[in-house]
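K.L.:
File follows, start-v1.cif with mmCIF, C-alpha atoms and all ligand atoms:
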data_start
#
loop_
_atom_site.label_atom_id
_atom_site.label_comp_id
_atom_site.auth_asym_id
_atom_site.auth_seq_id
_atom_site.Cartn_x
_atom_site.Cartn_y
_atom_site.Cartn_z
CA MET A 129 72.15 -92.08 -49.19
CA SER A 130 71.06 -93.49 -45.84
CA ARG A 131 73.62 -94.51 -43.26
CA ASN A 132 72.39 -98.13 -43.38
CA SER A 133 72.90 -98.19 -47.15
CA GLU A 134 76.35 -96.63 -46.82
CA LEU A 135 77.36 -99.26 -44.31
CA PHE A 136 75.91 -102.07 -46.42
CA ASP A 137 77.89 -100.90 -49.48
CA ARG A 138 81.03 -100.59 -47.38
CA ALA A 139 80.49 -104.01 -45.77
CA ALA A 140 80.09 -105.68 -49.15
CA LYS A 141 83.64 -104.64 -50.09
CA THR A 142 85.29 -106.77 -47.41
CA ILE A 143 82.56 -109.19 -46.28
CA PRO A 144 80.85 -111.47 -48.83
CA GLY A 145 77.36 -110.08 -49.34
CA GLY A 146 78.05 -107.60 -46.54
CA VAL A 147 77.01 -110.03 -43.80
CA ASN A 148 78.44 -112.80 -41.64
CA SER A 149 75.36 -115.03 -41.90
CA PRO A 150 73.28 -115.07 -45.09
CA VAL A 151 69.71 -114.39 -43.87
CA ARG A 152 70.84 -111.03 -42.45
CA ALA A 153 71.33 -109.74 -45.99
CA PHE A 154 67.56 -109.28 -46.64
CA ARG A 155 67.90 -111.24 -49.91
CA SER A 156 64.45 -112.80 -49.64
CA VAL A 157 62.66 -109.54 -48.81
CA GLY A 158 64.83 -107.08 -50.70
CA GLY A 159 66.04 -103.72 -49.40
CA THR A 160 68.79 -102.76 -47.00
CA PRO A 161 69.50 -104.53 -43.72
CA ARG A 162 69.48 -102.34 -40.64
CA PHE A 163 72.94 -102.06 -39.08
CA ILE A 164 72.29 -102.31 -35.37
CA GLN A 165 74.11 -99.94 -33.09
CA ARG A 166 72.68 -100.98 -29.76
CA ALA A 167 69.80 -102.87 -28.21
CA LYS A 168 67.98 -102.80 -24.89
CA GLY A 169 65.00 -104.81 -23.67
CA PRO A 170 62.53 -105.28 -26.56
CA TYR A 171 64.23 -102.62 -28.73
CA THR A 172 67.04 -102.32 -31.22
CA TRP A 173 68.41 -99.05 -32.67
CA ASP A 174 69.98 -98.89 -36.10
CA ALA A 175 72.85 -96.78 -37.42
CA GLU A 176 70.43 -93.93 -38.15
CA GLY A 177 69.13 -93.91 -34.59
CA THR A 178 65.78 -95.43 -35.61
CA ARG A 179 64.23 -97.58 -32.89
CA TYR A 180 62.54 -100.92 -33.61
CA ILE A 181 60.43 -103.24 -31.53
CA ASP A 182 62.49 -106.34 -32.19
CA TYR A 183 61.05 -109.80 -32.88
CA VAL A 184 64.29 -111.26 -34.25
CA GLY A 185 65.83 -111.54 -30.79
CA SER A 186 69.23 -112.38 -32.27
CA TRP A 187 67.38 -115.35 -33.88
CA GLY A 188 66.50 -116.82 -30.52
CA PRO A 189 69.07 -116.13 -27.80
CA ALA A 190 67.63 -112.83 -26.52
CA ILE A 191 64.89 -114.43 -24.42
CA LEU A 192 65.32 -111.96 -21.55
CA GLY A 193 65.31 -109.03 -23.94
CA HIS A 194 68.50 -107.35 -25.08
CA ALA A 195 71.33 -106.44 -22.72
CA HIS A 196 69.67 -107.61 -19.52
CA PRO A 197 71.60 -105.77 -16.78
CA GLU A 198 72.35 -108.90 -14.75
CA VAL A 199 73.65 -110.77 -17.78
CA VAL A 200 75.81 -107.82 -18.81
CA ARG A 201 77.22 -107.58 -15.27
CA ALA A 202 78.01 -111.31 -15.20
CA VAL A 203 79.86 -110.98 -18.51
CA GLN A 204 81.85 -107.98 -17.27
CA GLN A 205 82.84 -109.75 -14.08
CA ALA A 206 83.85 -112.91 -15.91
CA ALA A 207 85.89 -110.90 -18.42
CA GLU A 208 87.84 -109.24 -15.64
CA ASN A 209 88.93 -112.66 -14.44
CA GLY A 210 90.29 -113.65 -17.84
CA LEU A 211 88.82 -114.37 -21.25
CA SER A 212 89.82 -117.97 -21.82
CA PHE A 213 92.05 -120.51 -20.13
CA GLY A 214 91.90 -123.79 -22.03
CA ALA A 215 91.51 -125.50 -18.67
CA PRO A 216 88.37 -126.46 -16.77
CA THR A 217 86.48 -123.96 -14.59
CA GLU A 218 83.87 -124.24 -11.85
CA ALA A 219 81.37 -122.23 -13.91
CA GLU A 220 81.33 -125.00 -16.52
CA ILE A 221 80.22 -127.45 -13.83
CA GLU A 222 77.54 -125.00 -12.72
CA ILE A 223 76.06 -124.58 -16.20
CA ALA A 224 76.22 -128.35 -16.83
CA GLU A 225 74.41 -128.90 -13.52
CA ALA A 226 71.86 -126.22 -14.40
CA ILE A 227 71.13 -127.85 -17.77
CA VAL A 228 70.98 -131.38 -16.38
CA ALA A 229 68.71 -130.26 -13.53
CA ARG A 230 66.25 -128.69 -15.97
CA MET A 231 66.27 -131.27 -18.80
CA PRO A 232 65.39 -134.69 -17.39
CA SER A 233 66.61 -136.56 -20.49
CA MET A 234 70.12 -135.09 -20.18
CA GLU A 235 72.26 -137.00 -17.70
CA GLN A 236 75.51 -135.58 -19.04
CA VAL A 237 76.31 -132.63 -21.23
CA ARG A 238 79.29 -131.39 -23.27
CA LEU A 239 79.65 -127.70 -24.14
CA VAL A 240 80.55 -126.43 -27.60
CA SER A 241 80.37 -122.97 -29.17
CA SER A 242 77.47 -123.18 -31.65
CA GLY A 243 74.39 -125.14 -32.61
CA THR A 244 76.17 -126.43 -35.70
CA GLU A 245 78.89 -127.97 -33.58
CA ALA A 246 76.32 -129.45 -31.21
CA THR A 247 74.35 -131.30 -33.91
CA MET A 248 77.47 -132.34 -35.83
CA SER A 249 78.94 -133.82 -32.66
CA ALA A 250 75.69 -135.48 -31.58
CA ILE A 251 75.41 -137.22 -34.95
CA ARG A 252 79.02 -138.40 -34.83
CA LEU A 253 78.35 -139.72 -31.33
CA ALA A 254 75.17 -141.52 -32.47
CA ARG A 255 77.13 -143.15 -35.28
CA GLY A 256 80.00 -144.09 -32.99
CA TYR A 257 77.66 -145.48 -30.37
CA THR A 258 75.54 -147.57 -32.77
CA ASN A 259 78.28 -148.47 -35.24
CA ARG A 260 75.87 -147.49 -38.02
CA THR A 261 76.12 -144.86 -40.75
CA ARG A 262 72.68 -143.83 -42.02
CA ILE A 263 70.82 -140.91 -40.47
CA ILE A 264 67.28 -139.62 -40.93
CA LYS A 265 66.44 -135.93 -41.06
CA PHE A 266 63.28 -134.10 -42.09
CA GLU A 267 62.66 -131.70 -44.94
CA GLY A 268 62.60 -128.12 -43.70
CA CYS A 269 64.44 -128.80 -40.43
CA TYR A 270 67.73 -126.97 -40.10
CA HIS A 271 70.46 -128.42 -37.95
CA GLY A 272 73.32 -126.07 -38.72
CA HIS A 273 75.66 -126.23 -41.69
CA ALA A 274 77.58 -129.49 -41.28
CA ASP A 275 78.07 -131.15 -44.69
CA SER A 276 75.94 -134.24 -44.15
CA LEU A 277 72.96 -132.11 -43.06
CA LEU A 278 72.88 -129.73 -46.02
CA VAL A 279 70.58 -131.96 -47.99
CA LYS A 280 67.04 -131.87 -49.31
CA ALA A 281 64.81 -134.71 -50.40
CA GLY A 282 65.29 -136.32 -53.79
CA SER A 283 62.47 -136.94 -56.22
CA GLY A 284 60.98 -140.02 -54.55
CA LEU A 285 60.61 -141.52 -51.13
CA LEU A 286 63.90 -142.96 -49.89
CA THR A 287 65.79 -141.90 -53.02
CA PHE A 288 69.09 -140.14 -52.60
CA GLY A 289 68.84 -136.55 -51.46
CA ASN A 290 70.44 -133.57 -53.14
CA PRO A 291 72.92 -131.21 -51.49
CA THR A 292 71.43 -127.80 -50.69
CA SER A 293 74.86 -126.24 -50.97
CA SER A 294 77.52 -126.53 -53.58
CA GLY A 295 80.79 -127.72 -52.12
CA VAL A 296 79.05 -130.71 -50.52
CA PRO A 297 80.05 -133.88 -52.39
CA ALA A 298 77.22 -136.34 -53.09
CA GLU A 299 79.29 -138.95 -51.20
CA PHE A 300 79.01 -136.86 -48.02
CA ILE A 301 75.22 -136.95 -48.00
CA GLN A 302 74.64 -140.46 -49.31
CA HIS A 303 73.96 -141.70 -45.78
CA THR A 304 71.37 -139.01 -45.05
CA LEU A 305 67.72 -139.95 -45.63
CA VAL A 306 65.46 -136.90 -45.94
CA LEU A 307 61.79 -137.49 -45.10
CA ASP A 308 58.71 -135.28 -44.83
CA TYR A 309 58.02 -133.71 -41.45
CA ASN A 310 55.00 -135.31 -39.79
CA ASP A 311 55.08 -138.36 -42.10
CA LEU A 312 55.52 -141.24 -39.66
CA GLY A 313 54.76 -143.84 -42.35
CA ALA A 314 57.86 -142.72 -44.27
CA VAL A 315 60.01 -143.19 -41.16
CA GLU A 316 58.59 -146.65 -40.64
CA SER A 317 59.34 -147.56 -44.27
CA ALA A 318 62.91 -146.31 -43.88
CA PHE A 319 63.45 -148.47 -40.82
CA GLN A 320 61.91 -151.47 -42.57
CA LYS A 321 64.22 -150.98 -45.53
CA TYR A 322 67.36 -150.43 -43.41
CA PRO A 323 66.59 -152.12 -40.07
CA ASP A 324 70.23 -152.37 -38.91
CA GLU A 325 71.72 -149.33 -40.62
CA ILE A 326 70.08 -146.24 -39.16
CA ALA A 327 72.23 -144.62 -36.46
CA CYS A 328 69.86 -141.82 -35.55
CA VAL A 329 66.81 -139.74 -36.29
CA ILE A 330 67.44 -136.02 -35.80
CA ILE A 331 64.50 -133.65 -35.62
CA GLU A 332 63.47 -130.20 -34.49
CA PRO A 333 60.65 -131.46 -32.24
CA ILE A 334 58.89 -128.20 -33.04
CA ALA A 335 60.36 -126.91 -36.28
CA GLY A 336 61.41 -123.26 -36.23
CA ASN A 337 63.49 -123.09 -39.38
CA MET A 338 60.66 -123.45 -41.91
CA ASN A 339 58.65 -120.78 -40.13
CA LEU A 340 56.94 -122.54 -37.19
CA VAL A 341 55.66 -126.09 -37.77
CA LYS A 342 54.43 -128.27 -34.94
CA PRO A 343 54.46 -132.07 -34.85
CA ARG A 344 51.11 -133.76 -35.39
CA PRO A 345 49.78 -135.69 -32.37
CA GLY A 346 51.52 -139.06 -32.30
CA PHE A 347 54.42 -138.12 -34.60
CA LEU A 348 57.11 -137.67 -31.95
CA GLU A 349 55.72 -140.60 -29.96
CA GLY A 350 56.01 -142.70 -33.12
CA LEU A 351 59.62 -141.63 -33.67
CA ARG A 352 60.43 -142.56 -30.09
CA GLU A 353 58.87 -145.98 -30.52
CA LEU A 354 60.59 -146.70 -33.86
CA CYS A 355 64.01 -145.60 -32.60
CA THR A 356 63.67 -147.82 -29.55
CA ARG A 357 62.45 -150.77 -31.62
CA TYR A 358 65.27 -150.51 -34.19
CA GLY A 359 68.07 -149.47 -31.82
CA ALA A 360 68.55 -146.01 -33.30
CA VAL A 361 69.36 -142.87 -31.32
CA LEU A 362 66.61 -140.24 -31.17
CA ILE A 363 68.12 -136.75 -31.25
CA PHE A 364 65.97 -133.75 -30.42
CA ASP A 365 67.60 -130.68 -31.89
CA GLU A 366 66.38 -128.13 -29.35
CA VAL A 367 68.94 -125.50 -30.34
CA MET A 368 66.00 -123.16 -30.95
CA THR A 369 63.26 -124.63 -28.77
CA GLY A 370 65.40 -125.41 -25.70
CA PHE A 371 64.35 -123.02 -22.88
CA ARG A 372 62.33 -121.18 -25.54
CA ALA A 373 59.25 -123.32 -26.21
CA GLY A 374 59.00 -123.94 -22.47
CA PRO A 375 61.18 -124.36 -19.38
CA GLN A 376 62.22 -127.87 -20.49
CA GLY A 377 61.99 -127.39 -24.22
CA VAL A 378 59.65 -129.48 -26.34
CA GLN A 379 60.56 -132.62 -24.41
CA GLY A 380 59.06 -131.01 -21.32
CA LEU A 381 55.90 -130.01 -23.19
CA THR A 382 55.36 -133.43 -24.75
CA GLY A 383 56.83 -135.77 -22.15
CA ILE A 384 58.82 -137.55 -24.86
CA THR A 385 62.36 -138.49 -23.89
CA PRO A 386 65.03 -138.29 -26.59
CA ASP A 387 68.34 -140.14 -26.22
CA LEU A 388 70.37 -137.04 -27.08
CA THR A 389 69.51 -133.34 -27.12
CA THR A 390 71.29 -130.43 -28.74
CA LEU A 391 71.10 -126.90 -27.35
CA ALA A 392 72.51 -123.45 -28.19
CA LYS A 393 70.92 -119.99 -28.65
CA VAL A 394 69.18 -119.37 -25.26
CA ILE A 395 71.81 -121.26 -23.21
CA GLY A 396 74.43 -118.71 -24.28
CA GLY A 397 72.25 -115.70 -23.49
CA GLY A 398 73.68 -113.92 -26.57
CA MET A 399 77.19 -115.35 -26.32
CA PRO A 400 78.49 -118.37 -28.28
CA VAL A 401 77.48 -121.47 -26.31
CA GLY A 402 76.12 -124.75 -27.63
CA ALA A 403 75.74 -128.11 -25.94
CA PHE A 404 74.86 -131.70 -26.60
CA GLY A 405 73.98 -134.27 -24.03
CA GLY A 406 71.70 -137.09 -23.00
CA ARG A 407 71.98 -140.64 -21.74
CA ALA A 408 75.13 -141.19 -19.72
CA ASP A 409 75.81 -144.56 -21.38
CA ILE A 410 75.85 -142.86 -24.79
CA MET A 411 77.83 -139.83 -23.61
CA ALA A 412 80.48 -142.23 -22.24
CA HIS A 413 81.52 -142.83 -25.86
CA ILE A 414 82.86 -139.25 -26.19
CA ALA A 415 86.59 -138.56 -25.82
CA PRO A 416 88.40 -138.67 -23.42
CA LEU A 417 86.22 -141.50 -22.06
CA GLY A 418 85.44 -143.14 -25.38
CA SER A 419 86.52 -143.35 -28.99
CA VAL A 420 84.29 -140.64 -30.53
CA TYR A 421 86.48 -137.57 -30.94
CA GLN A 422 85.14 -134.12 -30.17
CA ALA A 423 86.95 -131.00 -28.93
CA GLY A 424 87.01 -127.17 -28.94
CA THR A 425 89.59 -124.52 -28.02
CA LEU A 426 86.91 -122.13 -26.78
CA SER A 427 84.39 -124.74 -25.58
CA GLY A 428 83.03 -123.71 -22.18
CA ASN A 429 84.48 -120.22 -22.58
CA PRO A 430 84.20 -118.51 -19.19
CA VAL A 431 82.69 -115.24 -20.47
CA ALA A 432 80.12 -117.04 -22.62
CA VAL A 433 79.28 -119.45 -19.82
CA ALA A 434 78.72 -116.53 -17.42
CA ALA A 435 76.10 -115.11 -19.81
CA GLY A 436 74.42 -118.48 -20.22
CA LEU A 437 74.38 -119.35 -16.56
CA THR A 438 72.90 -116.00 -15.57
CA THR A 439 70.29 -116.32 -18.30
CA LEU A 440 69.25 -119.79 -17.13
CA ARG A 441 69.02 -118.55 -13.55
CA LEU A 442 66.76 -115.64 -14.54
CA LEU A 443 64.56 -117.96 -16.61
CA GLY A 444 63.88 -119.89 -13.42
CA GLU A 445 62.03 -116.96 -11.84
CA PRO A 446 58.41 -117.80 -11.06
CA GLY A 447 55.95 -116.95 -13.82
CA PHE A 448 58.55 -116.24 -16.49
CA TYR A 449 57.27 -118.78 -19.01
CA GLU A 450 53.58 -118.19 -18.23
CA ASN A 451 54.10 -114.51 -18.97
CA LEU A 452 56.22 -115.15 -22.08
CA THR A 453 53.68 -117.62 -23.47
CA GLU A 454 50.83 -115.18 -22.81
CA ARG A 455 52.59 -112.26 -24.56
CA THR A 456 53.57 -114.40 -27.55
CA SER A 457 50.06 -115.77 -27.93
CA GLN A 458 48.64 -112.24 -27.61
CA LEU A 459 50.81 -111.28 -30.59
CA ALA A 460 50.01 -114.32 -32.74
CA VAL A 461 46.26 -114.28 -32.06
CA GLY A 462 46.12 -110.50 -32.47
CA LEU A 463 47.91 -110.57 -35.82
CA GLN A 464 45.62 -113.29 -37.12
CA GLU A 465 42.47 -111.42 -36.03
CA ARG A 466 43.59 -108.19 -37.64
CA ALA A 467 44.81 -109.76 -40.88
CA ARG A 468 41.59 -111.72 -41.32
CA ALA A 469 39.52 -108.64 -40.50
CA ALA A 470 41.38 -106.97 -43.37
CA GLY A 471 40.30 -109.82 -45.65
CA LEU A 472 43.71 -111.47 -45.96
CA ALA A 473 44.46 -115.19 -46.07
CA PHE A 474 46.52 -115.38 -42.89
CA SER A 475 47.13 -117.67 -39.94
CA ALA A 476 49.46 -117.64 -36.95
CA ASP A 477 50.66 -120.02 -34.27
CA SER A 478 52.87 -119.86 -31.22
CA VAL A 479 54.46 -121.89 -28.45
CA GLY A 480 56.27 -120.45 -25.45
CA GLY A 481 58.27 -117.48 -26.73
CA MET A 482 58.25 -118.36 -30.43
CA PHE A 483 55.66 -117.70 -33.12
CA GLY A 484 54.91 -118.29 -36.78
CA ILE A 485 52.93 -116.11 -39.17
CA TYR A 486 51.76 -117.51 -42.49
CA PHE A 487 50.14 -115.75 -45.42
CA ARG A 488 47.79 -118.68 -46.03
CA ASP A 489 44.47 -119.78 -44.54
CA THR A 490 45.62 -122.54 -42.24
CA VAL A 491 48.60 -123.31 -40.04
CA PRO A 492 50.99 -125.53 -42.06
CA THR A 493 52.21 -128.99 -41.01
CA SER A 494 55.01 -129.53 -43.54
CA LEU A 495 57.53 -127.63 -45.65
CA ALA A 496 55.33 -128.18 -48.71
CA GLU A 497 52.46 -126.38 -46.96
CA VAL A 498 54.69 -123.60 -45.63
CA SER A 499 55.91 -123.09 -49.19
CA GLU A 500 52.34 -122.41 -50.33
CA SER A 501 52.20 -119.17 -48.34
CA ASP A 502 52.16 -115.86 -50.20
CA VAL A 503 55.79 -114.74 -50.07
CA GLU A 504 55.11 -111.52 -51.97
CA LEU A 505 52.53 -110.45 -49.42
CA PHE A 506 54.92 -111.31 -46.60
CA ARG A 507 57.55 -109.12 -48.22
CA LYS A 508 55.17 -106.15 -48.27
CA PHE A 509 54.10 -106.83 -44.70
CA PHE A 510 57.72 -107.06 -43.55
CA HIS A 511 58.70 -103.73 -45.11
CA GLY A 512 55.49 -102.03 -43.97
CA MET A 513 56.26 -103.05 -40.39
CA LEU A 514 59.95 -102.15 -40.66
CA GLU A 515 59.17 -98.65 -41.96
CA ARG A 516 56.90 -98.17 -38.97
CA GLY A 517 59.47 -99.36 -36.41
CA VAL A 518 58.79 -103.08 -35.99
CA HIS A 519 61.53 -105.54 -36.95
CA PHE A 520 60.34 -109.04 -37.88
CA ALA A 521 62.67 -111.73 -39.26
CA PRO A 522 63.47 -110.85 -42.89
CA SER A 523 62.10 -114.09 -44.37
CA ALA A 524 58.74 -115.82 -44.68
CA PHE A 525 60.42 -119.05 -43.56
CA GLU A 526 61.69 -118.07 -40.13
CA ALA A 527 60.03 -118.18 -36.75
CA GLY A 528 59.73 -115.00 -34.68
CA PHE A 529 60.72 -114.44 -31.05
CA VAL A 530 59.19 -112.59 -28.13
CA SER A 531 61.22 -111.89 -24.99
CA GLY A 532 60.49 -111.39 -21.32
CA ALA A 533 61.08 -107.67 -21.93
CA HIS A 534 58.14 -107.44 -24.36
CA GLU A 535 55.25 -106.17 -22.29
CA ALA A 536 51.56 -106.05 -23.20
CA THR A 537 51.99 -102.43 -24.32
CA HIS A 538 54.71 -103.39 -26.83
CA ILE A 539 52.47 -106.09 -28.25
CA GLU A 540 49.50 -103.71 -28.46
CA GLU A 541 51.65 -101.12 -30.25
CA THR A 542 52.82 -103.81 -32.67
CA LEU A 543 49.23 -104.90 -33.33
CA SER A 544 47.96 -101.42 -34.10
CA ILE A 545 50.88 -100.89 -36.50
CA ALA A 546 50.10 -104.25 -38.10
CA GLU A 547 46.47 -103.22 -38.53
CA GLU A 548 47.65 -100.19 -40.51
CA VAL A 549 49.97 -102.34 -42.64
CA PHE A 550 47.33 -105.04 -43.28
CA ALA A 551 45.00 -102.32 -44.57
CA THR A 552 47.61 -101.25 -47.16
CA LEU A 553 48.07 -104.87 -48.23
CA LYS A 554 44.38 -105.26 -48.79
CA SER A 555 44.09 -102.18 -50.95
CA ALA A 556 47.28 -103.09 -52.88
C1 LIG B 1 70.13 -122.10 -35.19
C2 LIG B 1 69.98 -123.56 -35.26
C3 LIG B 1 71.09 -124.41 -35.46
C4 LIG B 1 72.45 -123.88 -35.76
O1 LIG B 1 72.98 -123.17 -34.69
P1 LIG B 1 74.22 -122.17 -34.95
O2 LIG B 1 74.57 -121.70 -33.59
O3 LIG B 1 73.70 -121.10 -35.87
O4 LIG B 1 75.29 -122.97 -35.58
C5 LIG B 1 70.89 -125.77 -35.39
N1 LIG B 1 69.66 -126.28 -35.16
C6 LIG B 1 68.59 -125.50 -34.97
C7 LIG B 1 67.26 -126.13 -34.70
C8 LIG B 1 68.70 -124.12 -35.03
O5 LIG B 1 67.62 -123.35 -34.88
#
Would you write out, as structure tokens, the structure that this file holds?

P.N.:
Amino acid sequence: MSRNSELFDRAAKTIPGGVNSPVRAFRSVGGTPRFIQRAKGPYTWDAEGTRYIDYVGSWGPAILGHAHPEVVRAVQQAAENGLSFGAPTEAEIEIAEAIVARMPSMEQVRLVSSGTEATMSAIRLARGYTNRTRIIKFEGCYHGHADSLLVKAGSGLLTFGNPTSSGVPAEFIQHTLVLDYNDLGAVESAFQKYPDEIACVIIEPIAGNMNLVKPRPGFLEGLRELCTRYGAVLIFDEVMTGFRAGPQGVQGLTGITPDLTTLAKVIGGGMPVGAFGGRADIMAHIAPLGSVYQAGTLSGNPVAVAAGLTTLRLLGEPGFYENLTERTSQLAVGLQERARAAGLAFSADSVGGMFGIYFRDTVPTSLAEVSESDVELFRKFFHGMLERGVHFAPSAFEAGFVSGAHEATHIEETLSIAEEVFATLKSA
């Protein structure tokens, strides 16, 4: 029995499903997850000493590559000065200033410890600020696992949604309207039906949790206009895209200004940091200034903040995003060329350091279209790549990540391995 299998069996005895976050369990692709022993730059090594070129990137945070020496040093130094104080520190000001300086829409920012906390708090704030209860989210967007966000669309437009998790009472999601991504008409109808009741629209401005789905031209602009017209708060959930899609997230790429933004993943550089922030007049409603309660024992943790701050500083080096975008596009374009040459229905897309691969002819624009991709073929592709030392995300519905440590040679190696795997898919 392989060491990975041994560990997976052992893990399952004390940890439900053997993992601490469900997608790690390989349920949608089958097989045994690799237990990672260490990681460096673009590589991970599993418990059997097998090396992988890694495109999971800890699901987003590892934008500099794994274990960047300067980030590791910053963490070590911070740890020596104490792990947590429950009192403010200067480093928290520095990271807040770094975020505010880079994201023009964010005048003030509050740190939390995860993306889930960031979105949950931003929605509470939007409700407190507007004195309204309804919220709009989009099918296929993931905003963490707060109760009111674990909901999928019902059978008809503007009907009640259904919980996507048991344990979420219908009453908890009755204020959540779930609409199709890229369907501006549906958003307009919702506002017409409930003109004074919608507190906020929350969206992944480029969706990375249903594979990669970009907004159609005009969609985000339309959301901005409707939110302004009806007095609702526009929340960009940039937990994944913040400092990943570009140096100022999707808001920097599109020039659209949300009222609130949520961040996590990259801003912690591999440590638990999340944040929400935006207009100062809205942020003034958060405790201790205002009546919207929000708190955290480990919020702004000094060791985590040291990792995040160092990461943000390194991301500011000239050419970082140009290079990252180029490498990521090289991968996406190269995969598409090779898959199509092998006669497969395949498309790919990328933005900044994130990419999507789809076993279907065209790049999708909604969850319904993403769901039409050939999951069985993805499964075979995933395992073919894994066996040959390339670790993609173990699901057809997740985006992939390239880091600053992935050089052209790593991408070329990945592409020639993919060519081999595509050939086996064709003959299968
Ligand atoms: C990952 C993610 C979250 C949840 O963040 P956690 O840190 O896992 O709680 C929320 N929103 C988006 C867009 C994400 O990608």

K.L.:
Kindly indicate which residue among A:Leu135, A:Ile164, A:Leu278, A:Ala195 lies nearest to ligand LIG 1 (chain B), using all atoms listed in the file for the distances.

P.N.:
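For ligand LIG 1 (chain B), the nearest of the candidates is A:Leu278.
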
K.L.:
Return the single residue from A:Glu353, A:Asp409, A:Glu366, A:Glu225 that is closest to ligand LIG 1 (chain B), with distances computed using all atoms listed in the file.

P.N.:
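With all atoms listed in the file as the atom set, the closest residue is A:Glu366.
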
K.L.:
Would you work out the distance separating atom CA of Arg352 of chain A from atom N1 of ligand LIG 1 (chain B), expressed in Å to one decimal?

P.N.:
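One can read the atom CA of Arg352 of chain A to atom N1 of ligand LIG 1 (chain B) distance as 19.4 Å.
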
K.L.:
Which residues are near Glu176 of chain A? Cut-off 9 Å, all atoms listed in the file, ignore same chain within fewer than 2 positions. Put them as a VMD selection string.

P.N.:
chain A and resid 130 to 132 162 to 163 165 173 to 174 178 to 179

K.L.:
Check every protein, DNA and RNA residue against ligand LIG 1 (chain B), keep those with an atom at most 6 Å away (counting all atoms listed in the file), and present them as an MDAnalysis selection string.

P.N.:
chainID A and resid 242:244 270:272 332 365:368

K.L.:
So the first atom is atom CA of Ser478 of chain A and the second is atom CA of Leu340 of chain A; what is the distance between them in Å, to one decimal place?

P.N.:
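Those two atoms sit 7.7 Å apart.
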
K.L.:
If we count all atoms listed in the file, what is near segment 461-474 of chain A at a cut-off of 7 Å, once residues fewer than 3 positions away on the same chain are taken out, given as a PDB file with C-alpha atoms, keeping the file's coordinate frame?

P.N.:
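Result went into part_34.pdb, see below:
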ATOM      1  CA  SER A 457      50.060-115.770 -27.930  1.00  0.00           C
ATOM      2  CA  GLN A 458      48.640-112.240 -27.610  1.00  0.00           C
ATOM      3  CA  TYR A 486      51.760-117.510 -42.490  1.00  0.00           C
ATOM      4  CA  PHE A 487      50.140-115.750 -45.420  1.00  0.00           C
ATOM      5  CA  ARG A 488      47.790-118.680 -46.030  1.00  0.00           C
ATOM      6  CA  ASP A 489      44.470-119.780 -44.540  1.00  0.00           C
ATOM      7  CA  LEU A 543      49.230-104.900 -33.330  1.00  0.00           C
ATOM      8  CA  GLU A 547      46.470-103.220 -38.530  1.00  0.00           C
ATOM      9  CA  PHE A 550      47.330-105.040 -43.280  1.00  0.00           C
ATOM     10  CA  ALA A 551      45.000-102.320 -44.570  1.00  0.00           C
ATOM     11  CA  LYS A 554      44.380-105.260 -48.790  1.00  0.00           C
TER      12      LYS A 554
END

K.L.:
Tell me, in Å to one decimal, how far atom CA of Gly145 of chain A is from atom CA of Val157 of chain A.

P.N.:
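Going from atom CA of Gly145 of chain A over to atom CA of Val157 of chain A covers 14.7 Å.
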
K.L.:
So, counting all atoms listed in the file, which residue among A:Arg166, A:Lys280, A:Arg372, A:Arg138 is closest to Thr453 of chain A?

P.N.:
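Checking each of A:Arg166, A:Lys280, A:Arg372, A:Arg138 against Thr453 of chain A, counting all atoms listed in the file, the winner is A:Arg372.
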
K.L.:
May I have the residues within 6 Å of segment 389-406 of chain A as a VMD selection string, using all atoms listed in the file and disregarding those fewer than 5 positions away in the same chain?

P.N.:
chain A and resid 188 to 189 233 to 243 246 363 to 367 432 435 to 436 439

K.L.:
Let me make sure I understand: among A:Pro522, A:Gly370, A:Pro170, A:Pro430, which one has the smallest atom-to-atom distance to Pro216 of chain A if we use all atoms listed in the file?

P.N.:
A:Pro430

K.L.:
Of the candidates A:Phe300, A:Tyr358, A:Phe525, A:Phe520, which shows the shortest atom-to-atom distance to Ile181 of chain A, using all atoms listed in the file?

P.N.:
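Going through A:Phe300, A:Tyr358, A:Phe525, A:Phe520 one by one, the smallest distance to Ile181 of chain A is for A:Phe520.
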
K.L.:
Tell me which protein, DNA and RNA residues are within 7 Å of segment 251-254 of chain A, counting only C-alpha atoms, leaving out same-chain ones fewer than 5 positions away, and put them as a list of chain:residue names.

P.N.:
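Answer for this query is A:Ala327, A:Cys328, A:Val361, A:Ile414, A:Val420.
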
K.L.:
Env of Ser499 of chain A: 12 Å cut, atoms = all atoms listed in the file, seq-sep filter 2 positions within chain, self excluded. Answer as a PyMOL selection string.

P.N.:
chain A and resi 267-268+338-339+341+486-488+491-497+501-504+523-526

K.L.:
Have a look at A:Val151, A:Ala460, A:Ala274, A:Ile264 and name the one nearest to Gly295 of chain A; count all atoms listed in the file.

P.N.:
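Counting all atoms listed in the file, the residue closest to Gly295 of chain A is A:Ala274.
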
K.L.:
What box, with edges along x, y and z, holds each listed atom of segment 249-253 of chain A when 3 Å is added on every side, and can you state its centre and edge lengths in Å to one decimal, as lines of an AutoDock Vina configuration file?

P.N.:
center_x = 77.2
center_y = -136.8
center_z = -33.1
size_x = 9.6
size_y = 11.9
size_z = 9.6
